[in-house]
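Read through the structure below, which is laid out as structure tokens, and then see the notes.
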Amino acid sequence: MKPIILIPARMAATRLPGKPLADIEGLPMIVRVLRQAQAAGVGPVAVAAGDAEIVEAVKGAGGEAVLTDPDLPSGSDRILAALNALDPAGAHDVVINLQGDIPFVAPAVVQAAARLLADQPSCDISTVMVAEADVAERSNPDIPKVVAAMAADGRSARALYFTRSVLYGDAPVWLHHGVYGYRREALARFCAAPPSPLEIRERLEQLRALELGMSIWAAVIDEAPISVDNPADLEKARQYARDHA
């Protein structure tokens, strides 16, 4: 495998406009994500930016960025556009899609997503999941859950479904986090397909891949990365940076 890590980012976030450039103790959030991705050592890293300001910030920090059409409908479409611009010859056969709002994602999380594609030849798309920390999380519709068939190693599972609905039972409920690894042909096929009925119903785009018959595997991670979706999350991220300075 020859992976590349791409980080989609755009300024027009609904709940926190300008989020990629939000300052976290002296560094824009997108630069913090970039550095965590670089620390993973999986492959080259670039930001798929929807705005020139993001490109400037990334390049100013010594990183690589490519400007993509701001009207692209999703992060998946953005990374495919960036991939085709950066690697038109197809040298990279695996793409890691790392969200631009997880400023302290552990390098091991990125490595786990890449490793699954190497370990599971039938896997088209890899992702990560973590066991619920509180039973109340299983009834929170803002937290997607993974219905998964666990492998014998207990550290990876084949995803059967993703849902925002409540899941019951004594076993842990697995919470999904949006770090993805795509085989290049799977990413192209996914982006070429229209939104699927289950995707529209659950508002979870990974269901499109399952409806297309693709295989998704999830690696178990031990701690969920901090995700910044609103001003309160941003303040938590700033406090985390202060605590771990």
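Identifiers in this document derive from the order of the structure tokens: chains are assigned A, B, ..., residues are numbered from 1 separately in each chain, and ligands are numbered from 1 in order of occurrence.
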
Shell around Pro70 (chain A) at 10 Å using only C-alpha atoms, local window under 3 positions removed, as a VMD selection string
chain A and resid 9 to 12 49 to 52 67 73 to 74 78

Set the distance at 9 Å and use only C-alpha atoms: which residues neighbour Ala37 (chain A) once local chain neighbours fewer than 5 positions away are removed? I'd like the list as number ranges by chain.
A: 5-7, 32, 42-45, 98, 105-107, 110

Selection export as a tab-separated table (two decimals), in the first residue's frame, atoms kept: N, CA and C atoms:
chain	number	residue	atom	x	y	z
A	5	ILE	N	-2.62	10.89	3.25
A	5	ILE	CA	-3.61	11.41	4.19
A	5	ILE	C	-4.12	12.75	3.68
A	6	LEU	N	-5.42	12.88	3.54
A	6	LEU	CA	-6.04	14.12	3.09
A	6	LEU	C	-7.02	14.61	4.14
A	7	ILE	N	-6.98	15.90	4.42
A	7	ILE	CA	-7.80	16.50	5.47
A	7	ILE	C	-8.74	17.52	4.82
A	32	ARG	N	-3.07	22.03	13.69
A	32	ARG	CA	-2.92	20.99	14.71
A	32	ARG	C	-3.29	19.61	14.14
A	42	VAL	N	2.20	7.69	8.24
A	42	VAL	CA	1.54	6.75	7.33
A	42	VAL	C	1.86	7.06	5.87
A	43	GLY	N	2.02	8.34	5.56
A	43	GLY	CA	2.26	8.77	4.19
A	43	GLY	C	2.23	10.28	4.14
A	44	PRO	N	2.39	10.86	2.95
A	44	PRO	CA	2.32	12.32	2.83
A	44	PRO	C	0.96	12.83	3.25
A	45	VAL	N	0.93	14.10	3.68
A	45	VAL	CA	-0.29	14.70	4.21
A	45	VAL	C	-0.57	16.00	3.46
A	98	LEU	N	-9.06	12.29	7.03
A	98	LEU	CA	-8.98	12.72	8.43
A	98	LEU	C	-9.72	14.03	8.58
A	105	VAL	N	-6.19	14.31	17.50
A	105	VAL	CA	-6.33	12.90	17.15
A	105	VAL	C	-4.98	12.20	17.32
A	106	ALA	N	-5.01	11.05	17.98
A	106	ALA	CA	-3.76	10.32	18.23
A	106	ALA	C	-3.23	9.73	16.93
A	107	PRO	N	-1.93	9.83	16.69
A	107	PRO	CA	-1.37	9.20	15.49
A	107	PRO	C	-1.74	7.72	15.37
A	110	VAL	N	-4.89	7.09	13.31
A	110	VAL	CA	-4.65	7.16	11.87
A	110	VAL	C	-3.98	5.87	11.39

Long-range neighbours of Ala151 (chain A) as a short mmCIF file (atom, residue, chain, number, x, y, z; two decimals) with C-alpha atoms, in the first residue's frame, 12 Å cut-off, only C-alpha atoms, 2 positions minimum in chain:
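Wrote out.cif, looks like this:
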data_model
loop_
_atom_site.label_atom_id
_atom_site.label_comp_id
_atom_site.auth_asym_id
_atom_site.auth_seq_id
_atom_site.Cartn_x
_atom_site.Cartn_y
_atom_site.Cartn_z
CA LEU A 116 -7.03 -2.44 8.61
CA ASP A 119 -4.85 -6.70 7.22
CA GLN A 120 -8.25 -7.22 5.56
CA ALA A 148 -20.50 -4.70 14.04
CA ALA A 149 -19.41 -8.33 13.84
CA ASP A 153 -8.77 -10.41 17.83
CA GLY A 154 -11.31 -8.19 19.60
CA ARG A 155 -9.70 -5.12 18.02
CA SER A 156 -11.45 -5.00 14.68
CA ALA A 157 -14.92 -5.70 13.33
CA ARG A 158 -16.86 -5.84 10.10
CA ALA A 159 -19.47 -3.10 10.10
CA TRP A 217 -14.23 -2.60 8.73
CA ALA A 218 -13.74 -0.69 11.98
CA ALA A 219 -10.71 -0.72 14.25
CA VAL A 220 -11.25 -0.47 17.99
#

From the list A:Val166, A:Ala131, A:Ala89, A:Leu160, which residue is nearest Gln206 (chain A) when using only C-alpha atoms?
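Smallest separation from Gln206 (chain A) among the options: A:Leu160.
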
Give me, as a list of chain:residue names, all polymer residues having an atom no more than 7 Å from Ser215 (chain A), counting only C-alpha atoms and skipping those fewer than 6 positions away in the same chain.
A:Ser122, A:Cys123, A:Asp124, A:Ile125
